[in-house]
$ cat protein28.cif   # mmCIF, C-alpha atoms
data_model
#
loop_
_atom_site.label_atom_id
_atom_site.label_comp_id
_atom_site.auth_asym_id
_atom_site.auth_seq_id
_atom_site.Cartn_x
_atom_site.Cartn_y
_atom_site.Cartn_z
CA MET A 14 124.16 125.88 132.57
CA TYR A 15 121.10 126.39 134.75
CA ALA A 16 118.37 124.08 133.45
CA PRO A 17 115.70 122.89 135.91
CA LYS A 18 114.32 119.46 135.10
CA ILE A 19 111.57 117.08 136.09
CA GLY A 20 112.44 115.31 139.31
CA ASP A 21 114.24 118.30 140.79
CA SER A 22 113.22 119.63 144.17
CA LEU A 23 111.82 123.14 144.52
CA THR A 24 114.98 123.85 146.51
CA ASP A 25 116.91 123.42 143.23
CA LEU A 26 115.02 126.28 141.55
CA ASP A 27 116.48 129.74 141.24
CA THR A 28 114.15 132.57 142.19
CA PRO A 29 111.87 134.22 141.39
CA SER A 30 110.18 131.14 139.89
CA MET A 31 106.52 130.62 139.09
CA ILE A 32 105.47 127.38 140.77
CA VAL A 33 102.18 125.46 140.64
CA ASP A 34 100.95 123.06 143.30
CA LEU A 35 99.51 120.25 141.16
CA ASP A 36 97.29 118.90 143.93
CA LEU A 37 95.65 122.30 144.36
CA MET A 38 95.41 123.00 140.62
CA GLU A 39 93.83 119.61 139.91
CA SER A 40 91.35 120.21 142.72
CA ASN A 41 90.41 123.57 141.16
CA ILE A 42 89.82 121.91 137.80
CA GLN A 43 87.76 119.15 139.41
CA ASN A 44 85.70 121.65 141.38
CA LEU A 45 84.82 123.70 138.32
CA PHE A 46 84.05 120.88 135.93
CA SER A 47 82.10 118.79 138.47
CA THR A 48 79.98 121.87 139.17
CA LEU A 49 79.42 123.12 135.63
CA LEU A 50 79.49 120.10 133.31
CA PRO A 51 76.30 118.59 134.79
CA THR A 52 74.44 121.70 133.62
CA GLY A 53 74.94 120.52 130.04
CA LEU A 54 76.75 123.70 129.03
CA LYS A 55 80.04 123.68 127.18
CA ILE A 56 83.07 125.07 128.97
CA ARG A 57 85.55 126.96 126.80
CA PRO A 58 88.24 128.16 129.25
CA HIS A 59 89.97 131.45 128.57
CA LEU A 60 93.73 131.06 128.03
CA LYS A 61 94.43 134.75 128.62
CA THR A 62 95.12 133.43 132.11
CA THR A 63 97.37 130.41 131.51
CA LYS A 64 98.78 131.30 128.04
CA SER A 65 99.67 127.62 127.71
CA ALA A 66 98.76 124.95 125.15
CA ALA A 67 99.80 122.24 127.62
CA LEU A 68 97.22 123.49 130.09
CA ALA A 69 94.64 123.83 127.31
CA HIS A 70 95.06 120.12 126.61
CA LYS A 71 94.68 119.33 130.33
CA LEU A 72 91.44 121.33 130.46
CA VAL A 73 90.07 119.55 127.38
CA ALA A 74 90.93 116.22 129.01
CA ALA A 75 88.84 117.38 131.98
CA GLY A 76 85.85 118.10 129.74
CA ALA A 77 86.43 121.50 128.11
CA THR A 78 85.37 122.31 124.56
CA GLY A 79 88.29 124.19 123.00
CA CYS A 80 89.52 127.43 124.51
CA CYS A 81 89.45 131.21 124.25
CA VAL A 82 92.27 133.68 123.72
CA ALA A 83 92.14 137.47 123.66
CA LYS A 84 94.43 138.37 120.76
CA ILE A 85 95.45 137.08 117.34
CA SER A 86 99.08 136.77 118.45
CA GLU A 87 97.96 134.52 121.32
CA ALA A 88 96.08 132.35 118.85
CA GLU A 89 99.19 132.11 116.67
CA ALA A 90 101.28 130.95 119.62
CA ILE A 91 98.74 128.46 120.96
CA THR A 92 98.04 126.89 117.55
CA ALA A 93 101.79 126.60 116.89
CA ALA A 94 102.03 124.69 120.17
CA GLY A 95 99.46 122.17 118.98
CA PHE A 96 95.98 123.44 119.89
CA ASP A 97 93.57 124.87 117.34
CA ASP A 98 89.97 124.92 118.65
CA ILE A 99 90.06 128.60 119.57
CA LEU A 100 87.67 131.53 119.97
CA ILE A 101 89.42 134.90 119.75
CA THR A 102 87.32 137.05 122.08
CA CYS A 103 88.59 140.53 121.12
CA GLU A 104 87.77 142.39 117.92
CA ILE A 105 90.33 142.01 115.11
CA ILE A 106 90.78 145.48 113.64
CA GLY A 107 93.45 146.89 111.33
CA LYS A 108 95.01 145.77 108.06
CA VAL A 109 97.99 143.98 109.60
CA LYS A 110 95.96 142.14 112.22
CA VAL A 111 93.34 141.07 109.67
CA ALA A 112 96.06 139.74 107.37
CA ARG A 113 97.44 137.70 110.27
CA LEU A 114 93.96 136.30 110.90
CA VAL A 115 93.62 135.24 107.27
CA GLU A 116 96.93 133.38 107.34
CA LEU A 117 96.07 131.74 110.65
CA PHE A 118 92.62 130.67 109.44
CA ARG A 119 94.12 129.30 106.25
CA ARG A 120 96.14 126.86 108.38
CA TYR A 121 93.66 126.25 111.21
CA ASN A 122 89.98 126.08 110.35
CA GLY A 123 88.98 125.77 114.01
CA ILE A 124 89.42 129.50 114.62
CA ARG A 125 86.34 131.50 115.63
CA ILE A 126 86.14 135.28 115.96
CA VAL A 127 83.87 138.05 117.25
CA VAL A 128 82.81 141.29 115.58
CA ASP A 129 81.00 144.36 116.90
CA SER A 130 81.00 146.61 113.81
CA GLU A 131 80.18 146.51 110.12
CA VAL A 132 83.60 148.03 109.41
CA GLY A 133 85.40 145.20 111.18
CA ALA A 134 83.26 142.47 109.64
CA SER A 135 83.61 143.84 106.10
CA ALA A 136 87.40 144.16 106.36
CA ILE A 137 87.74 140.51 107.37
CA ASN A 138 85.39 139.39 104.62
CA GLU A 139 87.31 141.34 101.98
CA ALA A 140 90.65 139.99 103.19
CA LEU A 141 89.43 136.38 103.09
CA GLU A 142 88.02 136.92 99.61
CA GLY A 143 91.21 138.56 98.41
CA ALA A 144 93.27 135.66 99.73
CA GLY A 145 91.09 133.10 97.96
CA VAL A 146 89.97 131.42 101.19
CA GLU A 147 86.76 129.56 100.36
CA LYS A 148 85.67 128.26 103.75
CA PRO A 149 83.80 130.95 105.73
CA ILE A 150 85.07 131.79 109.20
CA ASP A 151 82.70 131.28 112.13
CA VAL A 152 81.67 134.61 113.66
CA LEU A 153 79.89 135.67 116.85
CA ILE A 154 78.28 139.05 117.42
CA ASP A 155 80.02 140.64 120.42
CA LEU A 156 77.29 142.22 122.56
CA ASP A 157 77.74 144.88 125.24
CA VAL A 158 76.05 143.47 128.35
CA GLY A 159 77.18 146.23 130.71
CA LEU A 160 80.98 146.36 130.63
CA HIS A 161 80.98 149.14 127.98
CA ARG A 162 84.37 148.02 126.68
CA THR A 163 83.51 146.35 123.38
CA GLY A 164 80.31 145.02 121.88
CA VAL A 165 77.38 146.29 119.90
CA LYS A 166 74.31 147.48 121.79
CA ALA A 167 71.30 145.19 122.19
CA GLY A 168 68.21 145.67 120.08
CA GLU A 169 68.26 147.18 116.60
CA PRO A 170 72.07 147.75 116.53
CA ALA A 171 72.67 144.02 117.12
CA LEU A 172 70.04 143.07 114.53
CA ALA A 173 71.54 145.46 111.97
CA LEU A 174 75.01 144.02 112.50
CA ALA A 175 73.66 140.46 112.18
CA ARG A 176 72.00 141.38 108.89
CA HIS A 177 75.28 142.81 107.65
CA VAL A 178 77.32 139.76 108.68
CA ALA A 179 74.78 137.40 107.13
CA GLY A 180 75.28 139.17 103.81
CA LEU A 181 79.02 138.55 103.77
CA LYS A 182 80.09 135.45 101.85
CA HIS A 183 83.17 134.63 103.89
CA LEU A 184 81.65 135.04 107.35
CA ARG A 185 79.26 132.52 108.94
CA LEU A 186 77.22 133.86 111.85
CA ILE A 187 76.96 131.19 114.57
CA GLY A 188 76.21 133.02 117.79
CA VAL A 189 76.64 135.86 120.26
CA GLN A 190 79.18 136.67 122.96
CA GLY A 191 78.62 138.86 126.01
CA TYR A 192 81.21 139.30 128.75
CA GLU A 193 80.19 140.80 132.09
CA GLY A 194 83.77 141.56 133.13
CA HIS A 195 82.70 144.47 135.32
CA LEU A 196 81.02 142.00 137.70
CA GLN A 197 83.76 139.43 138.23
CA HIS A 198 85.19 140.91 141.42
CA LEU A 199 82.11 142.29 143.16
CA HIS A 200 82.48 141.18 146.78
CA SER A 201 78.76 140.87 147.47
CA ARG A 202 77.68 137.50 146.11
CA GLU A 203 74.04 138.55 145.95
CA GLU A 204 74.87 141.78 144.10
CA ARG A 205 77.16 139.91 141.73
CA LYS A 206 74.43 137.36 141.06
CA ALA A 207 71.68 139.94 140.52
CA GLN A 208 73.72 142.05 138.13
CA CYS A 209 74.96 138.97 136.30
CA LEU A 210 71.42 137.72 135.73
CA GLU A 211 70.51 141.12 134.29
CA SER A 212 73.46 140.91 131.89
CA MET A 213 72.36 137.39 130.94
CA ARG A 214 68.85 138.67 130.26
CA VAL A 215 70.25 141.15 127.75
CA LEU A 216 72.39 138.45 126.15
CA THR A 217 69.80 135.71 125.87
CA GLU A 218 66.97 138.01 124.79
CA THR A 219 69.20 139.35 122.03
CA ALA A 220 70.07 135.81 120.95
CA GLU A 221 66.38 134.93 120.81
CA ALA A 222 65.53 138.10 118.87
CA LEU A 223 68.18 137.18 116.32
CA ARG A 224 66.73 133.68 115.99
CA LYS A 225 63.25 135.10 115.47
CA ALA A 226 64.70 137.32 112.76
CA GLY A 227 65.93 134.20 110.96
CA PHE A 228 69.55 133.99 112.07
CA ASN A 229 71.17 130.71 113.09
CA ILE A 230 72.33 131.40 116.65
CA GLU A 231 73.89 128.18 117.96
CA VAL A 232 76.37 129.61 120.46
CA VAL A 233 75.67 131.95 123.38
CA THR A 234 79.00 132.31 125.16
CA THR A 235 79.70 134.26 128.33
CA GLY A 236 80.91 134.13 131.91
CA GLY A 237 84.08 134.29 133.97
CA THR A 238 85.38 132.75 137.16
CA GLY A 239 83.32 135.11 139.30
CA THR A 240 80.02 134.65 137.46
CA ALA A 241 80.05 131.28 135.65
CA GLU A 242 77.92 129.59 138.32
CA PHE A 243 75.17 132.18 137.79
CA CYS A 244 75.43 132.20 133.99
CA ALA A 245 75.00 128.43 134.01
CA THR A 246 71.50 128.75 135.52
CA VAL A 247 70.18 130.91 132.68
CA PRO A 248 68.23 129.16 129.89
CA GLY A 249 69.69 130.07 126.52
CA VAL A 250 73.34 130.25 127.59
CA THR A 251 75.30 127.48 125.84
CA GLU A 252 78.95 128.09 126.72
CA LEU A 253 81.07 129.45 129.59
CA GLN A 254 84.52 131.11 129.50
CA PRO A 255 86.11 130.96 132.99
CA GLY A 256 89.89 131.25 133.13
CA SER A 257 91.38 132.34 136.46
CA PHE A 258 89.82 129.47 138.44
CA ILE A 259 92.73 127.20 137.60
CA PHE A 260 95.26 129.28 139.60
CA MET A 261 93.29 132.07 141.31
CA ASP A 262 94.79 135.21 142.88
CA THR A 263 94.11 137.40 145.89
CA ASP A 264 91.65 139.61 143.98
CA TYR A 265 89.40 136.69 143.03
CA ARG A 266 89.83 135.04 146.43
CA ASN A 267 88.66 138.21 148.15
CA ALA A 268 85.61 138.37 145.88
CA VAL A 269 84.45 134.78 145.50
CA GLY A 270 85.92 133.01 148.51
CA THR A 271 87.89 129.79 148.79
CA PHE A 272 85.94 127.36 146.58
CA TYR A 273 89.09 127.47 144.44
CA SER A 274 92.59 127.50 145.93
CA ASN A 275 95.57 129.72 145.16
CA SER A 276 97.52 127.01 143.34
CA LEU A 277 100.13 129.30 141.73
CA THR A 278 102.72 131.21 143.74
CA LEU A 279 106.02 132.98 143.13
CA LEU A 280 108.89 131.25 144.89
CA SER A 281 111.13 134.00 146.24
CA THR A 282 114.33 134.34 148.26
CA VAL A 283 115.16 136.59 151.20
CA ILE A 284 118.26 138.47 150.00
CA SER A 285 118.78 141.16 152.65
CA LYS A 286 117.83 141.93 156.23
CA GLN A 287 116.84 145.55 156.80
CA GLY A 288 115.82 145.61 160.43
CA ASP A 289 114.75 143.48 163.35
CA ARG A 290 111.51 142.55 161.59
CA GLN A 291 112.06 143.53 157.94
CA VAL A 292 113.68 141.67 155.05
CA THR A 293 114.01 142.21 151.30
CA ILE A 294 112.95 139.54 148.81
CA ASP A 295 113.89 139.19 145.14
CA THR A 296 110.43 139.74 143.66
CA GLY A 297 109.42 143.22 142.49
CA LEU A 298 107.39 144.76 139.70
CA LYS A 299 109.11 142.58 137.09
CA SER A 300 107.81 139.48 138.85
CA LEU A 301 104.47 140.47 140.40
CA THR A 302 101.97 143.00 139.06
CA THR A 303 100.27 145.56 141.31
CA ASP A 304 97.26 146.66 139.22
CA SER A 305 94.98 144.75 141.62
CA GLY A 306 96.96 145.61 144.72
CA LEU A 307 100.03 144.05 146.28
CA ALA A 308 100.76 140.35 146.25
CA GLU A 309 100.54 138.56 149.57
CA CYS A 310 102.93 136.21 151.30
CA LYS A 311 101.48 132.70 151.46
CA ASP A 312 102.33 132.78 155.15
CA SER A 313 99.96 135.56 156.20
CA ARG A 314 102.08 136.47 159.23
CA TYR A 315 104.39 138.39 156.87
CA ARG A 316 103.16 141.66 155.35
CA HIS A 317 104.36 142.57 151.85
CA GLU A 318 105.33 145.92 150.33
CA ASN A 319 106.86 146.61 146.94
CA LEU A 320 110.38 148.06 146.72
CA GLY A 321 110.71 148.58 142.95
CA ASP A 322 111.46 146.57 139.83
CA GLU A 323 113.42 143.73 141.43
CA HIS A 324 112.62 143.84 145.13
CA GLY A 325 109.91 143.56 147.73
CA ALA A 326 109.82 143.80 151.51
CA LEU A 327 108.31 141.57 154.17
CA PHE A 328 107.49 142.78 157.69
CA TRP A 329 106.24 140.93 160.74
CA GLU A 330 105.09 141.48 164.27
CA GLU A 331 107.13 140.70 167.34
CA GLY A 332 106.73 137.04 168.29
CA THR A 333 106.56 135.86 164.68
CA PRO A 334 109.51 133.68 163.61
CA ASP A 335 112.26 135.76 162.02
CA LEU A 336 113.02 135.42 158.32
CA ARG A 337 116.73 135.07 157.58
CA ILE A 338 118.86 135.74 154.53
CA GLY A 339 118.56 132.75 152.20
CA ASP A 340 115.09 131.70 153.39
CA ARG A 341 112.47 130.93 150.73
CA VAL A 342 108.93 132.33 150.76
CA GLU A 343 105.97 131.95 148.41
CA MET A 344 104.05 134.98 147.19
CA ILE A 345 100.43 134.86 145.99
CA PRO A 346 99.81 137.18 143.00
CA SER A 347 97.07 139.78 143.27
CA HIS A 348 96.18 139.52 139.54
CA ILE A 349 97.14 136.25 137.94
CA ASP A 350 96.87 137.04 134.20
CA PRO A 351 99.44 139.87 133.88
CA THR A 352 101.70 138.19 136.45
CA ILE A 353 101.95 135.03 134.33
CA ASN A 354 102.77 137.25 131.34
CA LEU A 355 106.02 138.22 133.12
CA HIS A 356 107.40 134.66 133.20
CA ASP A 357 108.69 132.08 130.73
CA TYR A 358 107.91 128.81 132.51
CA TYR A 359 105.71 127.15 135.08
CA TYR A 360 107.32 124.65 137.41
CA ALA A 361 104.54 122.28 138.45
CA HIS A 362 105.29 120.28 141.56
CA ARG A 363 103.72 117.74 143.83
CA LYS A 364 104.83 117.93 147.45
CA GLY A 365 107.91 119.90 146.45
CA VAL A 366 109.11 117.69 143.58
CA ILE A 367 108.83 119.05 140.02
CA GLU A 368 106.60 116.80 137.90
CA GLU A 369 106.05 119.00 134.84
CA ILE A 370 107.50 122.12 133.24
CA TRP A 371 105.21 124.14 130.98
CA LYS A 372 106.19 126.95 128.68
CA VAL A 373 104.18 130.17 128.81
CA ASP A 374 103.51 129.89 125.07
CA SER A 375 101.80 133.23 124.52
CA ARG A 376 103.89 135.34 126.88
CA GLY A 377 104.06 138.91 125.54
CA LYS A 378 101.51 138.19 122.81
CA VAL A 379 99.45 141.36 123.07
CA GLN A 380 98.82 142.13 119.38
#
$ encode --input "protein28.cif" --output "structure tokens"
Amino acid sequence: MYAPKIGDSLTDLDTPSMIVDLDLMESNIQNLFSTLLPTGLKIRPHLKTTKSAALAHKLVAAGATGCCVAKISEAEAITAAGFDDILITCEIIGKVKVARLVELFRRYNGIRIVVDSEVGASAINEALEGAGVEKPIDVLIDLDVGLHRTGVKAGEPALALARHVAGLKHLRLIGVQGYEGHLQHLHSREERKAQCLESMRVLTETAEALRKAGFNIEVVTTGGTGTAEFCATVPGVTELQPGSFIFMDTDYRNAVGTFYSNSLTLLSTVISKQGDRQVTIDTGLKSLTTDSGLAECKDSRYRHENLGDEHGALFWEEGTPDLRIGDRVEMIPSHIDPTINLHDYYYAHRKGVIEEIWKVDSRGKVQ
């Protein structure tokens, strides 16, 4: 039975396989933490990228404070794999989802959540009370800082929600969250910085207004791979949530440059030759997502096109070495998060020898 193991060569892997260059990944981690930890801010990496408890532990060893996940099902998977200091960054709405939160919090008191409505906050409070859970759950007000996806508006709406949360016995207000996701991939560094600082102004001024109104705002959490360096310069921010930096993708590389390396690739095989300078590879839509454009071949001499669910094509100019049936190529994802969600395992190697195998713990956990 096919069962890759530590010590195997990459040549022993079937394809497509998701492989991680440990030297590059460790350099990415070092670059981020050596840059951001000296600011005194906490770093709470977002696991919507890696979906892995093993990698969460590596990030904590590097200096992280806990982690973030997007959904309750992700939190269930990551806690089951042995990691429980988690902020769930999306609103938890609906009877079934709230019941799952209550059961999770009953087992793991390190869970934190966000709310952006009185309806959502009240439902969670009532469910905790009904279940007899005495310890209050830590809650952050989710603030809209320009993305217009979730979050309460700044000013009186945020103050009103804080007053409501403070009146709920089973919720403990500890801070605010604001995610400027709309800025992560702006190619102009100066524009990205300017707009980020405006979003941070909204976030930190709201946090200060809540403090002046008597609320205990300890945590001001924000930031992503494309903006964390700017968020870290703003007084009042206490915590950063970058995620993609660990692996990167072509979308982030095109926006923020090469401070971080593309450490994750899809190992693929040439399975058919379709012309003098065209071959078919065994990675298609079921292996690489296209929402941020097409993946790229690590060897930039070969141009990639998608050919459907299971296949892709590579083309090259005359004078470039021919690819032959059976050759291996590495593909760089265009959007790392949904690409990882298509795979079961990472095969982490150093100079072509597999050192570690990590399960994608929260693959498919979208509830």
$ residues_around --input "protein28.cif" --residues "A:Ile284" --least-positions-apart "2" --cutoff "7 Å" --atoms "all atoms listed in the file" --output "ChimeraX atom specification"
/A:282,293-295,338-339
$ closest_atom_pairs --input "protein28.cif" --of "stretch 200-239 of chain A" --to "stretch 246-266 of chain A" --cutoff "6 Å" --atoms "all atoms listed in the file" --output "CSV"
residue,atom,partner,partner_atom,distance
A:Thr217,CA,A:Gly249,CA,5.7
A:Val232,CA,A:Thr251,CA,5.9
A:Val233,CA,A:Val250,CA,5.1
A:Thr234,CA,A:Glu252,CA,4.5
A:Thr235,CA,A:Leu253,CA,5.2
A:Gly236,CA,A:Leu253,CA,5.2
A:Gly237,CA,A:Pro255,CA,4.0
A:Thr238,CA,A:Pro255,CA,4.6
$ resolve_selection --input "protein28.cif" --expression "the PyMOL selection byres ((chain A and resi 157-168) around 9)" --output "PyMOL selection string"
chain A and resi 103-104+128-130+154-156+169-174+190-196+211-216+218-219+222
$ residues_near_point --input "protein28.cif" --point "(98.4, 126.8, 119.7)" --cutoff "10 Å" --atoms "all atoms listed in the file" --output "tab-separated table (two decimals) with C-alpha atoms, in the frame of the given file"
chain	number	residue	atom	x	y	z
A	64	LYS	CA	98.78	131.30	128.04
A	65	SER	CA	99.67	127.62	127.71
A	66	ALA	CA	98.76	124.95	125.15
A	67	ALA	CA	99.80	122.24	127.62
A	69	ALA	CA	94.64	123.83	127.31
A	87	GLU	CA	97.96	134.52	121.32
A	88	ALA	CA	96.08	132.35	118.85
A	89	GLU	CA	99.19	132.11	116.67
A	90	ALA	CA	101.28	130.95	119.62
A	91	ILE	CA	98.74	128.46	120.96
A	92	THR	CA	98.04	126.89	117.55
A	93	ALA	CA	101.79	126.60	116.89
A	94	ALA	CA	102.03	124.69	120.17
A	95	GLY	CA	99.46	122.17	118.98
A	96	PHE	CA	95.98	123.44	119.89
A	97	ASP	CA	93.57	124.87	117.34
A	98	ASP	CA	89.97	124.92	118.65
A	99	ILE	CA	90.06	128.60	119.57
A	121	TYR	CA	93.66	126.25	111.21
A	374	ASP	CA	103.51	129.89	125.07
A	375	SER	CA	101.80	133.23	124.52
$ residues_around --input "protein28.cif" --residues "A:Leu184" --least-positions-apart "4" --cutoff "8 Å" --atoms "only C-alpha atoms" --output "PyMOL selection string"
chain A and resi 134+138+149-152+178-179
$ atom_distance --input "protein28.cif" --atom1 "atom CA of A:Asp357" --atom2 "atom CA of A:Val283"
21.9 Å
$ resolve_selection --input "protein28.cif" --expression "the PyMOL selection byres ((chain A and resi 112-117) around 9)" --output "ChimeraX atom specification"
/A:85-86,88-89,92,105,107-111,118-122,124,137,140-141,144,146
$ residues_around --input "protein28.cif" --residues "A:Trp329" --least-positions-apart "4" --cutoff "10 Å" --atoms "all atoms listed in the file" --output "list in words"
Asp289, Arg290, Gln291, Val292, Ser313, Arg314, Tyr315, Arg316, His317, Thr333, Pro334, Asp335 and Leu336 of chain A
$ residues_around --input "protein28.cif" --residues "A:Leu23" --least-positions-apart "2" --cutoff "8 Å" --atoms "all atoms listed in the file" --output "PyMOL selection string"
chain A and resi 21+25-26+362+365-367
$ write_last_selection --input "protein28.cif" --atoms "C-alpha atoms" --output "compact mmCIF listing (two decimals), in the coordinates of the input"
# COMPACT_ATOMS: atom_id res chain seq x y z
CA ASP A 21 114.24 118.30 140.79
CA ASP A 25 116.91 123.42 143.23
CA LEU A 26 115.02 126.28 141.55
CA HIS A 362 105.29 120.28 141.56
CA GLY A 365 107.91 119.90 146.45
CA VAL A 366 109.11 117.69 143.58
CA ILE A 367 108.83 119.05 140.02
$ resolve_selection --input "protein28.cif" --expression "the PyMOL selection byres ((chain A and resi 296) around 7)" --output "ChimeraX atom specification"
/A:29,281,294-295,297,300-301,323-325
$ closest_atom_pairs --input "protein28.cif" --of "stretch 228-338 of chain A" --to "stretch 33-40 of chain A" --cutoff "9 Å" --atoms "all atoms listed in the file" --output "tab-separated table"
residue	atom	partner	partner_atom	distance
A:Phe258	CA	A:Met38	CA	8.8
A:Ile259	CA	A:Met38	CA	5.8
A:Phe260	CA	A:Met38	CA	6.4
A:Tyr273	CA	A:Ser40	CA	7.8
A:Ser274	CA	A:Leu37	CA	6.2
A:Asn275	CA	A:Leu37	CA	7.5
A:Ser276	CA	A:Leu37	CA	5.2
A:Leu277	CA	A:Val33	CA	4.5
A:Thr278	CA	A:Val33	CA	6.6
A:Leu279	CA	A:Val33	CA	8.8
$ closest_residue --input "protein28.cif" --among "A:His198, A:His70, A:Arg205, A:His177" --to "A:Glu131" --atoms "only C-alpha atoms"
A:His177
$ atom_distance --input "protein28.cif" --atom1 "atom CA of A:Arg176" --atom2 "atom CA of A:Ala136"
15.9 Å
$ atom_distance --input "protein28.cif" --atom1 "atom CA of A:Lys84" --atom2 "atom CA of A:Lys61"
8.7 Å
$ residues_near_point --input "protein28.cif" --point "(91.1, 126.7, 126.6)" --cutoff "6 Å" --atoms "all atoms listed in the file" --output "ChimeraX atom specification"
/A:57-60,69,79-81
$ build_atoms --input "protein28.cif" --residues "stretch 346-360 of chain A" --atoms "N, CA, C and O atoms" --output "mmCIF file, in the coordinates of the input"
data_model
loop_
_atom_site.group_PDB
_atom_site.id
_atom_site.type_symbol
_atom_site.label_atom_id
_atom_site.label_comp_id
_atom_site.auth_asym_id
_atom_site.auth_seq_id
_atom_site.Cartn_x
_atom_site.Cartn_y
_atom_site.Cartn_z
ATOM 1 N N PRO A 346 100.080 135.999 143.829
ATOM 2 C CA PRO A 346 99.810 137.180 143.000
ATOM 3 C C PRO A 346 98.447 137.791 143.308
ATOM 4 O O PRO A 346 97.499 137.090 143.678
ATOM 5 N N SER A 347 98.358 139.106 143.109
ATOM 6 C CA SER A 347 97.070 139.780 143.270
ATOM 7 C C SER A 347 96.232 139.694 141.996
ATOM 8 O O SER A 347 95.004 139.671 142.062
ATOM 9 N N HIS A 348 96.870 139.648 140.831
ATOM 10 C CA HIS A 348 96.180 139.520 139.540
ATOM 11 C C HIS A 348 96.971 138.525 138.706
ATOM 12 O O HIS A 348 98.070 138.819 138.252
ATOM 13 N N ILE A 349 96.381 137.379 138.497
ATOM 14 C CA ILE A 349 97.140 136.250 137.940
ATOM 15 C C ILE A 349 97.520 136.443 136.472
ATOM 16 O O ILE A 349 98.628 136.105 136.055
ATOM 17 N N ASP A 350 96.618 136.997 135.643
ATOM 18 C CA ASP A 350 96.870 137.040 134.200
ATOM 19 C C ASP A 350 98.123 137.842 133.834
ATOM 20 O O ASP A 350 99.004 137.329 133.138
ATOM 21 N N PRO A 351 98.239 139.122 134.253
ATOM 22 C CA PRO A 351 99.440 139.870 133.880
ATOM 23 C C PRO A 351 100.690 139.378 134.600
ATOM 24 O O PRO A 351 101.803 139.571 134.100
ATOM 25 N N THR A 352 100.529 138.747 135.774
ATOM 26 C CA THR A 352 101.700 138.190 136.450
ATOM 27 C C THR A 352 102.297 137.051 135.631
ATOM 28 O O THR A 352 103.513 136.988 135.425
ATOM 29 N N ILE A 353 101.455 136.149 135.148
ATOM 30 C CA ILE A 353 101.950 135.030 134.330
ATOM 31 C C ILE A 353 102.666 135.561 133.093
ATOM 32 O O ILE A 353 103.676 134.999 132.648
ATOM 33 N N ASN A 354 102.172 136.673 132.542
ATOM 34 C CA ASN A 354 102.770 137.250 131.340
ATOM 35 C C ASN A 354 104.198 137.747 131.565
ATOM 36 O O ASN A 354 104.897 138.086 130.604
ATOM 37 N N LEU A 355 104.661 137.782 132.806
ATOM 38 C CA LEU A 355 106.020 138.220 133.120
ATOM 39 C C LEU A 355 107.023 137.059 133.146
ATOM 40 O O LEU A 355 108.218 137.290 133.292
ATOM 41 N N HIS A 356 106.548 135.826 132.972
ATOM 42 C CA HIS A 356 107.400 134.660 133.200
ATOM 43 C C HIS A 356 107.426 133.743 131.985
ATOM 44 O O HIS A 356 106.485 133.693 131.207
ATOM 45 N N ASP A 357 108.507 132.986 131.863
ATOM 46 C CA ASP A 357 108.690 132.080 130.730
ATOM 47 C C ASP A 357 108.148 130.681 130.980
ATOM 48 O O ASP A 357 107.704 130.006 130.053
ATOM 49 N N TYR A 358 108.243 130.205 132.218
ATOM 50 C CA TYR A 358 107.910 128.810 132.510
ATOM 51 C C TYR A 358 107.128 128.692 133.816
ATOM 52 O O TYR A 358 107.292 129.481 134.743
ATOM 53 N N TYR A 359 106.293 127.647 133.848
ATOM 54 C CA TYR A 359 105.710 127.150 135.080
ATOM 55 C C TYR A 359 106.514 125.938 135.538
ATOM 56 O O TYR A 359 106.867 125.078 134.729
ATOM 57 N N TYR A 360 106.733 125.851 136.833
ATOM 58 C CA TYR A 360 107.320 124.650 137.410
ATOM 59 C C TYR A 360 106.246 124.015 138.291
ATOM 60 O O TYR A 360 105.924 124.514 139.368
#
